[in-house]
Amino acid sequence: MPSPFTAEHEDLRASIRRFVETELRPHAARWEEERWFPNEVFTRAGELGFLGLKYPESLGGQGGDHLHDAVWAEELARCGSGGVAAGLGAHTGIATPPIWTFGSPDQHARYLAPAIRGECIAALAITEPDAGSDVAALRTRARPVDGGWVVSGAKTYITNGVRAGVLVTAVRTSGDGGHDGISFLLVDADQPGVRASKLEKLGWHASDTAEIAFDEAFAPEANLLGERDQGFRLIMANFQWERLLMALGAVASMQLAFERTVAYARERRAFGRPLTGFQALRHRLADIATTIHAGRCVTYDALERFVAGENAVEQVTMAKLITQRSAFEVMDACLQIHGGAGSLREVEIERMARDARLGPIGGGTDEIMREILSRTLGL
């Protein structure tokens with residue numbers, strides 16, 4: 001399939017890859033061990049213009065498009081840490097887009113511009129302990145008070161939730177359930193009414209995934225994002241780009257794992273010859289390459305449709321579904337080819353296999369993706 005990227009996008013890719021190879025990858029293993037990466041990484045990415053690729057120059061962005069952001073997502077997959085890629089990607093790909101799309105000029109100035117500079121880290125706070133894929137069941141409530149809103153409730157699995165300066169928070173502003181009555185508030189995290197606790201995970205170790213408790217937290221009236229009680233529309237609008245970014249990252253991760261595994265198989269010798277001298281192993285690598293190409297074709301097709309303004313729900317859902325499960329299976333296969341070495345921390349495939357397991361869960365589970373597809377297909 002022809003690439004959707006132009007020469008300009010490829011120039012950007014080279015620039016991002018230099019940043020990833022020289023400023024992220026050398027520190028990735030240590031950040032994984034420390035279960036954290038410095039906030040200064042956001043500031044540095046902001047200085048280089050990578051946090052505002054698709055936002056207007058008037059706000060400090062680069063004035064690009066979604067394809068520029070797609071390049072960013074692909075190259076982050078090569079940084080050596082799923083947690084670093086998740087933290088930076090969540091900031092640019094899922095937390096700041098609602099502020100741009102639904103925010104007022106005042107909200108752009110107070111939150112989006114600092115986020116583009118990397119000075120204000122953003123997190124999207126939707127999922128709750130009892131409301132994951134069932135967004136309509138969320139119970140975090142905002143009640144009106146003089147000058148704004150008071151928020152009480154809990155969120156969980158929130159990427160950047162510990163370090164965030166602003167939480168783009170889904171709340172119930174009316175009713176007791178259902179899609180109606182959901183609104184979004186920009187909640188400042190540095191207040192007594194907000195408490196974040198870091199969660200330990202199977203993968204993405206360097207990212208801060210948090211459980212957040214809101215205890216009478218305050219958000220001024222000016223921090224209502226979009227229209228009151230119309231937040232479900234915001235959630236649905238954001239999902240498509242989030243799922244596309246996950247697909248792009250998964251394909252790029254599979255490609256990297258394949259490259260590393262081929263190099264290992266050529267060097268590792270058994271029974272007097274390299275592993276690539278065995279037909280069974282060569283065929284397994286051929287299958288992996290085919291899986292990656294198929295995932296890339298589906299993903300790029302969905303990306304082009306999305307960028308063209310089409311209703312690409314069906315194609316985006318397919319891309320998310322096929323790439324996440326494929327990535328986990330490809331990582332498992334690559335680990336198997338590495339043999340005992342694949343289980344060692346110092347061999348990157350061990351980390352990649354752990355990180356890939358979240359893909360079929362995050363951004364909408366495989367089961368939800370199949371349900372969406374069954375509806376779009378009229379089944």
# chains A, B, ... in the order shown; residues from 1 in each chain; ligands from 1

$ closest_atom_pairs --of "stretch 222-332 of chain A" --to "stretch 338-346 of chain A" --cutoff "8 Å" --atoms "only C-alpha atoms" --output "Markdown table"
| residue | atom | partner | partner_atom | distance |
| --- | --- | --- | --- | --- |
| A:Thr261 | CA | A:His338 | CA | 7.2 |
| A:Tyr264 | CA | A:His338 | CA | 7.3 |
| A:Ala265 | CA | A:His338 | CA | 7.6 |

$ write_last_selection --atoms "C-alpha atoms" --output "JSON list (two decimals), in the first residue's frame"
[["chain", "number", "residue", "atom", "x", "y", "z"],
["A", 261, "THR", "CA", 14.74, -10.67, 16.02],
["A", 264, "TYR", "CA", 19.52, -12.02, 16.52],
["A", 265, "ALA", "CA", 18.56, -15.04, 14.40]]

$ select_by_dssp --residues "stretch 13-136 of chain A" --states "helix (DSSP H, G or I)" --output "PyMOL selection string"
chain A and resi 13-34+40-47+50-52+57-59+66-76+82-102+105-117+135-136

$ closest_residue --among "A:Gly177, A:Gly203, A:Gly161, A:Gly231" --to "A:Ala189" --atoms "only C-alpha atoms"
A:Gly161

$ atom_distance --atom1 "atom CA of A:Glu304" --atom2 "atom CA of A:Ala257"
25.2 Å

$ closest_atom_pairs --of "stretch 224-322 of chain A" --to "stretch 359-368 of chain A" --cutoff "10 Å" --atoms "only C-alpha atoms" --output "Markdown table"
| residue | atom | partner | partner_atom | distance |
| --- | --- | --- | --- | --- |
| A:Phe239 | CA | A:Gly363 | CA | 7.2 |
| A:Gln240 | CA | A:Gly363 | CA | 9.4 |
| A:Glu242 | CA | A:Gly363 | CA | 6.8 |
| A:Arg243 | CA | A:Gly363 | CA | 6.1 |
| A:Leu244 | CA | A:Gly363 | CA | 9.8 |
| A:Leu245 | CA | A:Gly363 | CA | 9.9 |
| A:Met246 | CA | A:Gly359 | CA | 7.4 |
| A:Ala247 | CA | A:Gly359 | CA | 8.8 |
| A:Gly249 | CA | A:Gly359 | CA | 9.8 |
| A:Ala250 | CA | A:Gly359 | CA | 7.9 |
| A:Thr317 | CA | A:Gly364 | CA | 9.4 |
| A:Met318 | CA | A:Asp366 | CA | 9.9 |
| A:Lys320 | CA | A:Pro360 | CA | 8.3 |
| A:Leu321 | CA | A:Asp366 | CA | 5.9 |
| A:Ile322 | CA | A:Asp366 | CA | 8.9 |

$ closest_residue --among "A:Ala154, A:Ile337, A:Pro114, A:Ala170" --to "A:Ala280" --atoms "only C-alpha atoms"
A:Ile337
